[in-house]
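Text of the file final.txt, holding compact mmCIF, C-alpha atoms:
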# COMPACT_ATOMS: atom_id res chain seq x y z
CA MET A 3 10.28 1.97 5.88
CA ARG A 4 8.59 5.32 6.16
CA LEU A 5 6.56 6.62 3.22
CA ALA A 6 5.14 10.08 2.55
CA ALA A 7 1.83 11.11 1.04
CA ALA A 8 1.88 13.85 -1.58
CA SER A 9 0.62 16.50 0.85
CA GLN A 10 3.24 15.50 3.42
CA MET A 11 6.11 15.91 0.95
CA LYS A 12 4.73 19.29 -0.04
CA THR A 13 4.64 20.37 3.61
CA ILE A 14 8.20 19.15 4.14
CA GLU A 15 9.47 21.06 1.11
CA GLU A 16 7.66 24.23 2.22
CA THR A 17 9.09 23.88 5.74
CA MET A 18 12.60 23.40 4.36
CA ALA A 19 12.31 26.60 2.36
CA ARG A 20 10.70 28.64 5.17
CA GLU A 21 12.62 27.48 8.22
CA LEU A 22 15.96 26.23 6.86
CA LYS A 23 16.30 28.58 3.88
CA PHE A 24 16.72 25.52 1.66
CA PRO A 25 14.90 26.51 -1.54
CA ALA A 26 12.66 24.21 -3.53
CA LEU A 27 14.82 24.91 -6.57
CA LEU A 28 17.74 23.21 -4.83
CA MET A 29 15.60 20.18 -3.98
CA MET A 30 14.58 20.04 -7.65
CA GLU A 31 18.25 20.19 -8.59
CA ASN A 32 19.03 17.26 -6.29
CA ALA A 33 16.09 15.29 -7.65
CA GLY A 34 17.30 15.85 -11.19
CA ARG A 35 20.80 14.74 -10.26
CA GLY A 36 19.52 11.49 -8.76
CA LEU A 37 17.36 10.87 -11.80
CA ALA A 38 20.31 11.45 -14.13
CA GLU A 39 22.57 9.14 -12.13
CA GLU A 40 20.10 6.27 -12.43
CA ALA A 41 19.67 6.98 -16.16
CA ARG A 42 23.43 6.72 -16.68
CA ARG A 43 23.43 3.35 -14.91
CA MET A 44 20.73 2.07 -17.25
CA ILE A 45 22.35 2.98 -20.58
CA ASP A 46 25.44 1.72 -22.34
CA ALA A 47 28.23 4.02 -23.46
CA GLY A 48 26.93 6.19 -26.29
CA GLY A 49 23.32 5.59 -25.28
CA ARG A 50 20.74 8.27 -26.07
CA VAL A 51 18.24 9.58 -23.54
CA LEU A 52 14.91 11.29 -24.20
CA VAL A 53 13.37 13.26 -21.31
CA VAL A 54 9.61 13.84 -21.66
CA CYS A 55 8.51 16.77 -19.51
CA GLY A 56 5.30 18.43 -18.42
CA GLY A 57 5.05 22.01 -17.23
CA GLY A 58 4.98 21.47 -13.46
CA ASN A 59 7.55 20.55 -10.84
CA ASN A 60 7.85 16.99 -12.17
CA GLY A 61 8.81 18.48 -15.51
CA GLY A 62 11.33 20.65 -13.68
CA ASP A 63 12.92 17.51 -12.24
CA GLY A 64 13.17 16.22 -15.80
CA PHE A 65 14.73 19.44 -17.10
CA ALA A 66 17.32 19.27 -14.30
CA ALA A 67 18.07 15.63 -15.13
CA ALA A 68 18.56 16.53 -18.80
CA ARG A 69 21.13 19.17 -17.87
CA HIS A 70 23.04 16.77 -15.62
CA LEU A 71 23.08 14.17 -18.39
CA HIS A 72 24.29 16.73 -20.90
CA CYS A 73 27.10 17.83 -18.56
CA ALA A 74 28.11 14.18 -18.16
CA GLY A 75 28.52 13.84 -21.91
CA VAL A 76 25.33 11.85 -22.53
CA SER A 77 23.39 12.46 -25.73
CA VAL A 78 20.11 13.87 -24.42
CA SER A 79 16.99 15.38 -25.97
CA VAL A 80 13.97 16.92 -24.25
CA ALA A 81 10.36 16.75 -25.41
CA CYS A 82 7.93 19.15 -23.77
CA VAL A 83 4.27 18.08 -23.93
CA CYS A 84 2.81 21.46 -23.02
CA ASP A 85 3.17 24.95 -24.44
CA ALA A 86 6.30 26.71 -23.25
CA ASP A 87 4.27 29.51 -21.64
CA ARG A 88 2.66 26.95 -19.32
CA ILE A 89 5.97 26.00 -17.71
CA LYS A 90 5.87 27.79 -14.37
CA GLY A 91 7.85 28.43 -11.19
CA ASP A 92 11.07 26.56 -10.52
CA ALA A 93 10.44 24.36 -13.56
CA ARG A 94 10.62 27.51 -15.69
CA GLU A 95 14.07 28.30 -14.35
CA MET A 96 15.30 24.81 -15.17
CA TYR A 97 13.78 25.04 -18.65
CA GLU A 98 15.37 28.41 -19.42
CA THR A 99 18.75 27.12 -18.29
CA LEU A 100 18.48 24.34 -20.88
CA LEU A 101 17.77 26.91 -23.57
CA LEU A 102 20.75 29.00 -22.54
CA MET A 103 22.95 25.91 -22.66
CA ARG A 104 21.60 25.13 -26.17
CA ILE A 105 20.32 21.73 -25.11
CA ASP A 106 17.83 20.32 -27.60
CA VAL A 107 14.28 21.04 -26.33
CA CYS A 108 11.34 20.25 -28.60
CA VAL A 109 7.95 21.70 -27.68
CA LEU A 110 5.61 19.29 -29.38
CA PRO A 111 2.48 20.74 -31.06
CA HIS A 112 -0.73 19.41 -29.53
CA GLU A 113 -2.05 18.09 -32.83
CA ASN A 114 1.05 15.91 -33.24
CA ILE A 115 1.89 14.81 -29.70
CA PHE A 116 1.62 11.06 -30.23
CA ASN A 117 3.32 10.79 -33.63
CA GLY A 118 5.92 13.43 -32.87
CA LEU A 119 6.88 11.85 -29.59
CA ALA A 120 6.85 8.35 -31.10
CA GLU A 121 9.45 9.48 -33.66
CA MET A 122 11.69 10.87 -30.91
CA ILE A 123 11.28 7.70 -28.83
CA GLU A 124 12.45 5.59 -31.80
CA GLN A 125 15.79 7.40 -31.65
CA ALA A 126 16.28 6.88 -27.89
CA ASP A 127 17.74 4.07 -25.80
CA LEU A 128 16.09 5.30 -22.60
CA VAL A 129 13.06 7.49 -21.87
CA ILE A 130 12.65 9.55 -18.70
CA ASP A 131 9.00 10.19 -17.81
CA ALA A 132 8.65 13.58 -16.09
CA ILE A 133 5.14 14.53 -17.21
CA PHE A 134 3.12 14.44 -13.98
CA GLY A 135 4.24 13.76 -10.43
CA THR A 136 2.58 13.75 -7.03
CA GLY A 137 0.43 16.77 -7.86
CA LEU A 138 -1.83 14.81 -10.22
CA ARG A 139 -5.52 14.81 -9.25
CA GLY A 140 -7.74 12.36 -11.10
CA ALA A 141 -6.90 11.22 -14.63
CA MET A 142 -4.46 12.57 -17.20
CA HIS A 143 -6.13 14.00 -20.28
CA GLY A 144 -5.18 15.44 -23.64
CA ALA A 145 -1.50 15.83 -24.47
CA ALA A 146 -0.29 14.16 -21.25
CA ALA A 147 -2.41 11.06 -21.89
CA LEU A 148 -1.22 10.86 -25.50
CA ALA A 149 2.38 11.21 -24.35
CA ALA A 150 1.94 8.35 -21.88
CA ALA A 151 0.47 6.19 -24.66
CA ALA A 152 3.44 6.97 -26.92
CA ILE A 153 5.93 6.10 -24.19
CA ASN A 154 4.17 2.81 -23.47
CA ALA A 155 4.12 1.95 -27.17
CA GLY A 156 7.86 2.47 -27.53
CA THR A 157 10.61 -0.11 -27.02
CA PRO A 158 13.20 1.80 -24.92
CA ALA A 159 13.43 1.30 -21.17
CA VAL A 160 11.56 3.90 -19.10
CA ILE A 161 12.42 5.67 -15.85
CA SER A 162 9.74 7.70 -14.10
CA ALA A 163 10.49 10.76 -11.99
CA ASP A 164 9.10 10.34 -8.45
CA ILE A 165 6.04 8.34 -9.54
CA PRO A 166 4.86 7.12 -12.97
CA SER A 167 2.76 9.77 -14.64
CA GLY A 168 -0.94 8.94 -14.22
CA VAL A 169 -0.54 7.01 -10.94
CA CYS A 170 -2.03 8.52 -7.77
CA ALA A 171 0.82 9.02 -5.32
CA ASN A 172 -1.34 8.28 -2.28
CA SER A 173 -3.48 5.32 -3.35
CA GLY A 174 -1.82 3.81 -6.40
CA ALA A 175 -5.05 4.36 -8.34
CA VAL A 176 -4.85 4.62 -12.12
CA ASN A 177 -7.89 6.42 -13.48
CA GLY A 178 -6.90 6.55 -17.13
CA ALA A 179 -3.64 6.66 -19.04
CA ALA A 180 -0.45 6.02 -17.06
CA VAL A 181 3.19 5.39 -17.91
CA ARG A 182 4.52 1.88 -17.35
CA ALA A 183 8.06 2.30 -16.04
CA ASP A 184 10.93 -0.14 -15.72
CA ALA A 185 12.18 1.89 -12.76
CA THR A 186 10.99 4.83 -10.69
CA VAL A 187 13.41 7.21 -9.00
CA THR A 188 11.41 8.59 -6.10
CA PHE A 189 12.50 11.70 -4.22
CA GLY A 190 12.99 12.18 -0.48
CA LEU A 191 10.66 9.45 0.74
CA PRO A 192 8.82 6.79 -1.29
CA LYS A 193 5.14 7.36 -1.99
CA PRO A 194 2.40 4.88 -1.01
CA GLY A 195 1.17 4.66 -4.60
CA LEU A 196 4.42 2.99 -5.63
CA TYR A 197 3.62 -0.01 -3.43
CA LEU A 198 -0.17 -0.26 -3.69
CA TYR A 199 -1.81 -1.85 -6.70
CA PRO A 200 -2.45 -1.02 -9.44
CA GLY A 201 0.30 1.61 -9.14
CA ALA A 202 2.84 -1.03 -8.12
CA GLU A 203 2.45 -2.63 -11.57
CA TYR A 204 3.51 0.62 -13.20
CA ALA A 205 6.44 1.56 -10.96
CA GLY A 206 9.01 -1.11 -11.80
CA LYS A 207 12.11 -1.09 -9.62
CA ILE A 208 11.92 1.62 -6.95
CA ILE A 209 15.06 3.69 -6.33
CA LEU A 210 15.14 6.30 -3.58
CA THR A 211 17.23 9.43 -4.05
CA ASP A 212 18.15 12.02 -1.44
CA ILE A 213 17.04 15.59 -2.14
CA GLY A 214 18.76 17.16 0.87
CA VAL A 215 16.05 16.90 3.52
CA PRO A 216 17.40 15.86 6.96
CA ALA A 217 15.77 12.82 8.57
CA ALA A 218 14.67 14.99 11.50
CA GLU A 219 12.58 17.14 9.15
CA TYR A 220 10.73 14.11 7.85
CA ALA A 221 9.98 12.98 11.40
CA LYS A 222 8.95 16.46 12.58
CA ASN A 223 6.55 17.08 9.73
CA ILE A 224 4.97 13.62 9.58
CA CYS A 225 4.86 12.37 13.17
CA GLY A 226 1.59 13.23 14.85
CA GLY A 227 -0.30 13.07 11.58
CA GLU A 228 -1.21 10.08 9.46
CA GLU A 229 1.83 7.86 8.96
CA PHE A 230 2.51 5.38 6.16
CA TYR A 231 5.03 2.54 6.28
CA VAL A 232 6.06 -0.42 4.18
CA LEU A 233 6.74 -3.29 6.54
CA GLU A 234 9.94 -4.95 5.37
CA GLU A 235 11.18 -8.35 6.50
CA ARG A 236 13.90 -6.88 8.69
CA GLU A 237 11.41 -4.58 10.42
CA ALA A 238 8.88 -7.37 10.86
CA LYS A 239 11.48 -9.49 12.64
CA MET A 240 12.21 -6.61 15.00
CA LEU A 241 8.54 -6.39 15.97
CA LEU A 242 8.38 -10.00 17.11
CA PRO A 243 9.07 -10.46 20.82
CA LYS A 244 12.08 -12.52 21.82
CA ARG A 245 11.16 -15.98 23.06
CA PRO A 246 12.88 -16.91 26.33
CA PRO A 247 14.75 -20.23 26.27
CA ARG A 248 13.12 -21.36 29.51
CA ALA A 249 9.50 -21.44 28.45
CA ASN A 250 6.58 -23.72 27.70
CA LYS A 251 3.31 -23.57 25.82
CA GLY A 252 1.67 -21.60 28.59
CA THR A 253 4.27 -18.85 28.20
CA PHE A 254 3.15 -17.98 24.71
CA GLY A 255 -0.55 -17.48 25.10
CA ARG A 256 -3.84 -19.32 24.76
CA VAL A 257 -5.91 -19.05 21.57
CA LEU A 258 -9.57 -20.01 21.33
CA LEU A 259 -10.46 -21.05 17.78
CA LEU A 260 -14.11 -20.87 16.70
CA ALA A 261 -13.99 -21.89 13.06
CA GLY A 262 -15.18 -24.34 10.47
CA CYS A 263 -18.39 -26.21 9.81
CA ASP A 264 -19.10 -29.62 8.33
CA GLU A 265 -18.88 -28.21 4.79
CA MET A 266 -15.62 -26.29 5.41
CA PRO A 267 -13.42 -28.07 7.96
CA GLY A 268 -10.23 -27.04 6.18
CA ALA A 269 -10.58 -23.42 7.25
CA ALA A 270 -10.38 -24.45 10.89
CA GLY A 271 -7.31 -26.62 10.30
CA LEU A 272 -5.53 -23.85 8.44
CA ALA A 273 -6.37 -21.31 11.17
CA ALA A 274 -5.10 -23.62 13.90
CA ASN A 275 -1.79 -24.19 12.12
CA ALA A 276 -1.47 -20.47 11.40
CA ALA A 277 -1.93 -19.64 15.09
CA TYR A 278 0.95 -21.92 15.99
CA ARG A 279 3.09 -20.55 13.15
CA ALA A 280 2.46 -17.05 14.51
CA GLY A 281 3.82 -18.10 17.89
CA ALA A 282 0.83 -19.19 19.98
CA GLY A 283 1.63 -21.71 22.69
CA TYR A 284 -1.77 -23.37 23.13
CA VAL A 285 -4.62 -23.49 20.64
CA ARG A 286 -8.00 -24.70 21.85
CA ALA A 287 -10.59 -25.38 19.14
CA LEU A 288 -14.26 -25.82 20.03
CA VAL A 289 -15.90 -27.00 16.85
CA THR A 290 -18.42 -29.44 15.39
CA GLN A 291 -17.61 -33.15 15.62
CA SER A 292 -16.51 -33.56 12.01
CA VAL A 293 -14.33 -30.44 12.18
CA ALA A 294 -12.74 -31.73 15.41
CA ASP A 295 -11.92 -35.00 13.66
CA PHE A 296 -10.36 -33.09 10.77
CA ILE A 297 -8.23 -30.87 13.04
CA ARG A 298 -6.93 -33.89 14.96
CA ARG A 299 -5.60 -35.23 11.66
CA SER A 300 -4.31 -31.99 10.15
CA SER A 301 -3.08 -30.19 13.29
CA PRO A 302 -2.42 -32.79 16.00
CA GLU A 303 -0.91 -30.23 18.39
CA THR A 304 -4.25 -28.39 18.52
CA VAL A 305 -6.52 -29.32 21.44
CA ALA A 306 -9.72 -29.93 19.48
CA GLY A 307 -12.97 -30.41 21.35
CA ALA A 308 -16.35 -31.21 19.81
CA LEU A 309 -19.40 -29.18 20.72
CA LYS A 310 -21.67 -31.13 23.06
CA LYS A 311 -24.78 -30.12 21.18
CA PRO A 312 -24.59 -31.93 17.81
CA SER A 313 -24.81 -29.69 14.77
CA VAL A 314 -23.28 -29.17 11.34
CA HIS A 315 -22.44 -25.54 12.25
CA TYR A 316 -22.50 -23.13 15.18
CA THR A 317 -25.86 -21.98 16.55
CA GLU A 318 -27.00 -19.71 19.36
CA GLY A 319 -27.51 -22.86 21.40
CA HIS A 320 -23.71 -23.28 21.60
CA ILE A 321 -23.05 -19.97 23.33
CA ASP A 322 -23.43 -21.21 26.90
CA GLU A 323 -21.07 -24.15 26.49
CA ILE A 324 -18.24 -22.01 25.09
CA THR A 325 -18.59 -19.14 27.60
CA SER A 326 -16.05 -20.65 29.99
CA GLU A 327 -13.52 -20.99 27.14
CA ILE A 328 -14.13 -17.38 26.09
CA LYS A 329 -13.21 -16.29 29.63
CA LYS A 330 -9.95 -18.28 29.58
CA ALA A 331 -8.80 -17.17 26.12
CA GLY A 332 -5.94 -14.78 25.54
CA VAL A 333 -7.01 -14.29 21.91
CA ILE A 334 -10.12 -15.45 20.03
CA ILE A 335 -10.11 -16.36 16.34
CA LEU A 336 -13.66 -16.18 15.03
CA GLY A 337 -15.07 -16.79 11.59
CA PRO A 338 -13.00 -18.87 9.15
CA GLY A 339 -15.31 -21.33 7.43
CA ILE A 340 -18.21 -21.06 9.90
CA GLY A 341 -20.78 -20.50 7.14
CA ARG A 342 -23.33 -17.73 6.83
CA SER A 343 -26.58 -19.19 8.08
CA GLU A 344 -28.51 -16.68 10.17
CA GLU A 345 -28.24 -18.79 13.33
CA THR A 346 -24.46 -19.01 12.87
CA LEU A 347 -24.18 -15.25 12.38
CA LYS A 348 -26.24 -14.68 15.54
CA PHE A 349 -23.82 -16.98 17.37
CA ALA A 350 -20.85 -14.96 16.07
CA ARG A 351 -22.39 -11.63 17.13
CA GLU A 352 -22.97 -12.98 20.62
CA VAL A 353 -19.34 -14.13 20.85
CA LEU A 354 -18.18 -10.64 19.85
CA LEU A 355 -20.28 -9.07 22.60
CA ARG A 356 -19.15 -11.55 25.26
CA ALA A 357 -15.44 -11.48 24.37
CA ASN A 358 -13.10 -10.03 26.98
CA ALA A 359 -9.91 -10.86 25.05
CA PRO A 360 -8.75 -9.52 21.67
CA VAL A 361 -10.67 -10.95 18.72
CA VAL A 362 -9.42 -11.66 15.20
CA LEU A 363 -12.57 -11.56 13.07
CA ASP A 364 -12.16 -13.16 9.67
CA ALA A 365 -13.99 -14.62 6.69
CA ASP A 366 -17.61 -15.64 7.36
CA GLY A 367 -17.43 -14.02 10.79
CA LEU A 368 -17.19 -10.65 9.09
CA TYR A 369 -20.69 -11.09 7.68
CA ALA A 370 -21.97 -11.23 11.26
CA ALA A 371 -20.87 -7.60 11.60
CA ALA A 372 -22.19 -6.45 8.22
CA GLY A 373 -25.17 -4.14 8.55
CA THR A 374 -25.01 -4.10 12.36
CA ASP A 375 -23.40 -2.00 15.09
CA VAL A 376 -21.91 -5.00 16.87
CA LEU A 377 -18.32 -3.83 16.38
CA LYS A 378 -19.10 -0.51 18.05
CA ARG A 379 -20.78 -2.31 20.96
CA MET A 380 -17.87 -4.65 21.63
CA THR A 381 -15.76 -4.04 24.73
CA ALA A 382 -12.86 -6.22 23.54
CA PHE A 383 -10.13 -5.13 21.13
CA CYS A 384 -10.89 -6.34 17.60
CA VAL A 385 -8.89 -6.87 14.42
CA VAL A 386 -10.90 -7.41 11.23
CA THR A 387 -9.23 -9.04 8.22
CA PRO A 388 -11.46 -8.63 5.15
CA HIS A 389 -10.56 -9.06 1.52
CA PRO A 390 -12.17 -6.50 -0.85
CA GLY A 391 -15.35 -8.56 -1.32
CA GLU A 392 -15.87 -8.87 2.42
CA MET A 393 -15.04 -5.20 2.85
CA ALA A 394 -17.77 -4.40 0.33
CA ALA A 395 -20.26 -6.30 2.50
CA LEU A 396 -19.09 -4.44 5.61
CA THR A 397 -19.17 -0.96 4.10
CA GLY A 398 -21.70 -0.98 1.27
CA MET A 399 -18.96 0.20 -1.12
CA SER A 400 -18.28 -1.55 -4.39
CA VAL A 401 -15.21 -3.77 -4.77
CA ALA A 402 -13.93 -1.38 -7.43
CA GLU A 403 -14.19 1.60 -5.06
CA ILE A 404 -12.31 -0.32 -2.38
CA THR A 405 -9.50 -1.61 -4.58
CA ASN A 406 -9.04 1.84 -6.10
CA ASP A 407 -8.17 3.29 -2.67
CA LEU A 408 -7.44 0.62 -0.08
CA VAL A 409 -5.95 3.08 2.38
CA THR A 410 -9.03 5.29 2.59
CA ALA A 411 -11.38 2.31 2.85
CA ALA A 412 -9.40 0.74 5.69
CA ARG A 413 -8.84 4.04 7.50
CA GLU A 414 -12.47 5.13 7.45
CA PHE A 415 -13.80 1.73 8.52
CA SER A 416 -11.35 1.62 11.43
CA LYS A 417 -12.33 5.09 12.58
CA LYS A 418 -16.05 4.42 12.31
CA ASN A 419 -15.98 1.10 14.17
CA ASN A 420 -13.02 1.51 16.54
CA VAL A 421 -11.22 -1.55 15.19
CA ILE A 422 -7.90 -2.38 13.55
CA THR A 423 -8.47 -3.19 9.87
CA LEU A 424 -6.16 -5.42 7.86
CA LEU A 425 -7.52 -5.03 4.33
CA LYS A 426 -6.10 -7.90 2.30
CA ASP A 427 -4.88 -7.53 -1.25
CA ALA A 428 -1.72 -8.32 -3.20
CA ARG A 429 -0.29 -5.55 -0.99
CA SER A 430 -2.36 -5.44 2.19
CA VAL A 431 -2.98 -2.32 4.29
Kindly transcribe the structure held in the file into structure tokens.
Amino acid sequence: MRLAAASQMKTIEETMARELKFPALLMMENAGRGLAEEARRMIDAGGRVLVVCGGGNNGGDGFAAARHLHCAGVSVSVACVCDADRIKGDAREMYETLLLMRIDVCVLPHENIFNGLAEMIEQADLVIDAIFGTGLRGAMHGAAALAAAAINAGTPAVISADIPSGVCANSGAVNGAAVRADATVTFGLPKPGLYLYPGAEYAGKIILTDIGVPAAEYAKNICGGEEFYVLEEREAKMLLPKRPPRANKGTFGRVLLLAGCDEMPGAAGLAANAAYRAGAGYVRALVTQSVADFIRRSSPETVAGALKKPSVHYTEGHIDEITSEIKKAGVIILGPGIGRSEETLKFAREVLLRANAPVVLDADGLYAAAGTDVLKRMTAFCVVTPHPGEMAALTGMSVAEITNDLVTAAREFSKKNNVITLLKDARSV
């Protein structure tokens, strides 16, 4: 499923207005309609809705939703958390329409934002959060932050407009106060921050609403630039090649597994089984004697051979005896459970440089690349699979910096080292 970064949605909306004469005000109208429709589904007959609006376009979506709810006979009130003179652009038009229709709009005084809003929330069955949308940069402060705190302290269900206020649309980062929603109605295309943690914890159920942008416009304005997708089960199945009925283990590729040490044999067994689960036809493990014994018990289909030179882990002295297997491999798995002794890391670096087949570099193997240029010097295709702690070792960044923006960390590392990066987290990128 295609996603759109904040800047991409802005470009699409500008293109719609410039080239197709489809004004942003109409897209705001459609967003408000979708928001109102979901609100009506979430309340019982006679339910009361409070719409909490900021002064920007997200607030405009909220004003439009309030009007649609009013026209549908729903009891609706609007709380504005900024001065009325700060409501600008299309949002201003939506706000003034509410005034003309005599819909209840309360501009809350700054000195009473939390208490005033808390009193209004007590009277509501549902709250719509339309304070800040995709235009937020950094943390919410002042009245917006107090409003988010009041919403979170209340008991009614909460719907957010496009993205929960306080969540970064691109990274999912939360740098201060943020609204915790039960559902988020997102407009046009979903935003990455709805799926990446910590933003995913704040989004609740994600509902997509159409704002009138043709699919071709999304493709035209996003393709060629950076593209974001959520890989769903149906799409993942489509990516897997069909397996012919007349086939054997040789049809589906040969994997060389270099994993495990005497202290961590389980990592090698898990990796061998995973390779078969992923579709490999033949897995050849060249490992220490005790690891070979373990694999023969835990993964009997794996062809496990013990290194001729006895050792409790890999050393540079093992390079020559595995060279012939490196040449025969279709894919090399390197690193799970190999340990981090210097002689083992030297062994791993030499494997990377000798590889002529794609390499999946994982776990301890990643530390062989940390602080070196070995990934840049490789001639083989390489996929690295770090978790945030391993990514910190590879990049010199802190774990907090990485988890606050997984996309940027993975993107920049891939560009710098000419690799594919699978950065593992609760939602991996």
When you draw a straight line from CA of Ala370 (chain A) to CA of Arg299 (chain A), how long is it in Å?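 These atoms are spaced 29.1 Å apart.
The gap separating CA of Tyr284 (chain A) from CA of His320 (chain A) is 22.0 Å, in Å to one decimal.
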Would you please work out which residue, of A:Val314, A:Val169, A:Ala274, A:Val333, is nearest to Pro302 (chain A) when using all atoms listed in the file?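 Closest to Pro302 (chain A), using all atoms listed in the file: A:Ala274.
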Within 7 Å of Ala93 (chain A), counting all atoms listed in the file, which residues qualify if same-chain residues fewer than 2 places away don't, as a PyMOL selection string? chain A and resi 57-59+61-62+89-91+95-97
For a test of reading the model, state the distance in Å between CA of Ala159 (chain A) and CA of Thr188 (chain A), rounded to one decimal.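 That distance, rounded to one decimal, is 16.9 Å.
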So which residues touch Ile334 (chain A) within 12 Å, counting all atoms listed in the file, skipping near sequence neighbours fewer than 4 positions away, as a PyMOL selection string? chain A and resi 255-261+273-274+277+282+284-288+324-325+327-330+338+350+353-354+356-364+367+382-386
What lies within 10 Å of region 234-247 of chain A using all atoms listed in the file, ignoring chain neighbours under 6 positions off, as an MDAnalysis selection string? chainID A and resid 3 253:254 280:281
Could you give me, as a PyMOL selection string, the residues within 8 Å of region 111-115 of chain A, counting only C-alpha atoms and dropping anything in the same chain fewer than 5 positions from it? chain A and resi 83-85+145+148-149
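Near Tyr369 (chain A), within 10 Å and counting all atoms listed in the file, sit Gly337, Gly341, Arg342, Glu344, Leu347, Ala350, Arg351, Leu363, Pro388, Glu392, Met393, Ala395 and Leu396 of chain A, not including residues fewer than 6 positions from it in the same chain.
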Around all of region 275-288 of chain A's listed atoms, make the axis-aligned box with 8 Å on each side and tell me centre and edge lengths in Å to one decimal, as AutoDock Vina command-line options.
--center_x -5.2 --center_y -21.4 --center_z 17.3 --size_x 34.1 --size_y 24.8 --size_z 27.7
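Minimum atom-to-atom distance to Ala394 (chain A), evaluated using all atoms listed in the file, belongs to A:Leu425 out of A:Arg379, A:Val409, A:Leu425, A:Thr99.
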May I have a table of the residues of region 84-193 of chain A lying at most 12 Å from region 65-80 of chain A, giving each one's closest pair of atoms and their distance in Å to one decimal, counting all atoms listed in the file, ordered by chain and ascending residue number, as a Markdown table?
| residue | atom | partner | partner_atom | distance |
| --- | --- | --- | --- | --- |
| A:Ile89 | CA | A:Phe65 | CA | 11.0 |
| A:Asp92 | CA | A:Ala66 | CA | 10.3 |
| A:Ala93 | CA | A:Phe65 | CA | 7.4 |
| A:Arg94 | CA | A:Phe65 | CA | 9.2 |
| A:Glu95 | CA | A:Phe65 | CA | 9.3 |
| A:Met96 | CA | A:Phe65 | CA | 5.7 |
| A:Tyr97 | CA | A:Phe65 | CA | 5.9 |
| A:Glu98 | CA | A:Phe65 | CA | 9.3 |
| A:Thr99 | CA | A:Arg69 | CA | 8.3 |
| A:Leu100 | CA | A:Arg69 | CA | 6.5 |
| A:Leu101 | CA | A:Arg69 | CA | 10.2 |
| A:Leu102 | CA | A:Arg69 | CA | 10.9 |
| A:Met103 | CA | A:Arg69 | CA | 8.5 |
| A:Arg104 | CA | A:Arg69 | CA | 10.2 |
| A:Ile105 | CA | A:Ser79 | CA | 7.2 |
| A:Asp106 | CA | A:Ser79 | CA | 5.3 |
| A:Val107 | CA | A:Val80 | CA | 4.6 |
| A:Cys108 | CA | A:Val80 | CA | 6.1 |
| A:Val109 | CA | A:Val80 | CA | 8.4 |
| A:Leu110 | CA | A:Val80 | CA | 10.1 |
| A:Leu119 | CA | A:Val80 | CA | 10.2 |
| A:Met122 | CA | A:Ser79 | CA | 8.5 |
| A:Ile123 | CA | A:Ser79 | CA | 10.0 |
| A:Gln125 | CA | A:Ser79 | CA | 9.9 |
| A:Ala126 | CA | A:Val78 | CA | 8.7 |
| A:Asp127 | CA | A:Ser77 | CA | 10.1 |
| A:Leu128 | CA | A:Val78 | CA | 9.6 |
| A:Val129 | CA | A:Ser79 | CA | 9.7 |
| A:Ile130 | CA | A:Ala67 | CA | 8.9 |
| A:Asp131 | CA | A:Val80 | CA | 10.6 |
| A:Ala132 | CA | A:Phe65 | CA | 8.5 |
| A:Ile133 | CA | A:Phe65 | CA | 10.8 |
| A:Ile161 | CA | A:Ala67 | CA | 11.5 |
| A:Ser162 | CA | A:Ala67 | CA | 11.5 |
| A:Ala163 | CA | A:Ala67 | CA | 9.5 |
| A:Val187 | CA | A:Ala67 | CA | 11.4 |
Hey, which of A:Ala331, A:Ile224, A:Val421, A:Ala8 ends up closest to Ser173 (chain A)? Count all atoms listed in the file. A:Ala8
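Residue nearest Ala33 (chain A), chosen from A:Val215, A:Leu233, A:Leu377, A:Ala179 and counting all atoms listed in the file: A:Val215.
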Counting only C-alpha atoms, select every polymer residue within 12 Å of (26.3, 6.0, -16.1) as defined in the file's coordinates, and provide the selection as a PyMOL selection string. chain A and resi 35-51+70-72+74-77
Identify the residues within 9 Å of coordinate (-2.8, -24.4, 13.0) (same frame as the file), considering only C-alpha atoms, and give the answer as a ChimeraX atom specification. /A:270-279,285,297,300-304
Point out the residue among A:Ala218, A:Ile165, A:Ala205, A:Val54 with the least atom-to-atom distance to Gly137 (chain A), counting all atoms listed in the file.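 Residue with the minimum atom-to-atom distance to Gly137 (chain A): A:Ile165.
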Atoms are missing here; could region 206-210 of chain A be completed with N, CA, C and O atoms and written as an mmCIF file, in the coordinates of the input?
data_model
loop_
_atom_site.group_PDB
_atom_site.id
_atom_site.type_symbol
_atom_site.label_atom_id
_atom_site.label_comp_id
_atom_site.auth_asym_id
_atom_site.auth_seq_id
_atom_site.Cartn_x
_atom_site.Cartn_y
_atom_site.Cartn_z
ATOM 1 N N GLY A 206 7.747 -0.420 -11.560
ATOM 2 C CA GLY A 206 9.010 -1.110 -11.800
ATOM 3 C C GLY A 206 9.880 -1.101 -10.555
ATOM 4 O O GLY A 206 9.383 -1.046 -9.415
ATOM 5 N N LYS A 207 11.168 -1.145 -10.738
ATOM 6 C CA LYS A 207 12.110 -1.090 -9.620
ATOM 7 C C LYS A 207 12.061 0.291 -8.981
ATOM 8 O O LYS A 207 12.051 1.309 -9.676
ATOM 9 N N ILE A 208 12.021 0.342 -7.662
ATOM 10 C CA ILE A 208 11.920 1.620 -6.950
ATOM 11 C C ILE A 208 13.289 2.002 -6.400
ATOM 12 O O ILE A 208 13.904 1.238 -5.649
ATOM 13 N N ILE A 209 13.759 3.182 -6.800
ATOM 14 C CA ILE A 209 15.060 3.690 -6.330
ATOM 15 C C ILE A 209 14.803 4.995 -5.582
ATOM 16 O O ILE A 209 14.125 5.895 -6.090
ATOM 17 N N LEU A 210 15.330 5.093 -4.388
ATOM 18 C CA LEU A 210 15.140 6.300 -3.580
ATOM 19 C C LEU A 210 16.358 7.203 -3.720
ATOM 20 O O LEU A 210 17.505 6.746 -3.606
#
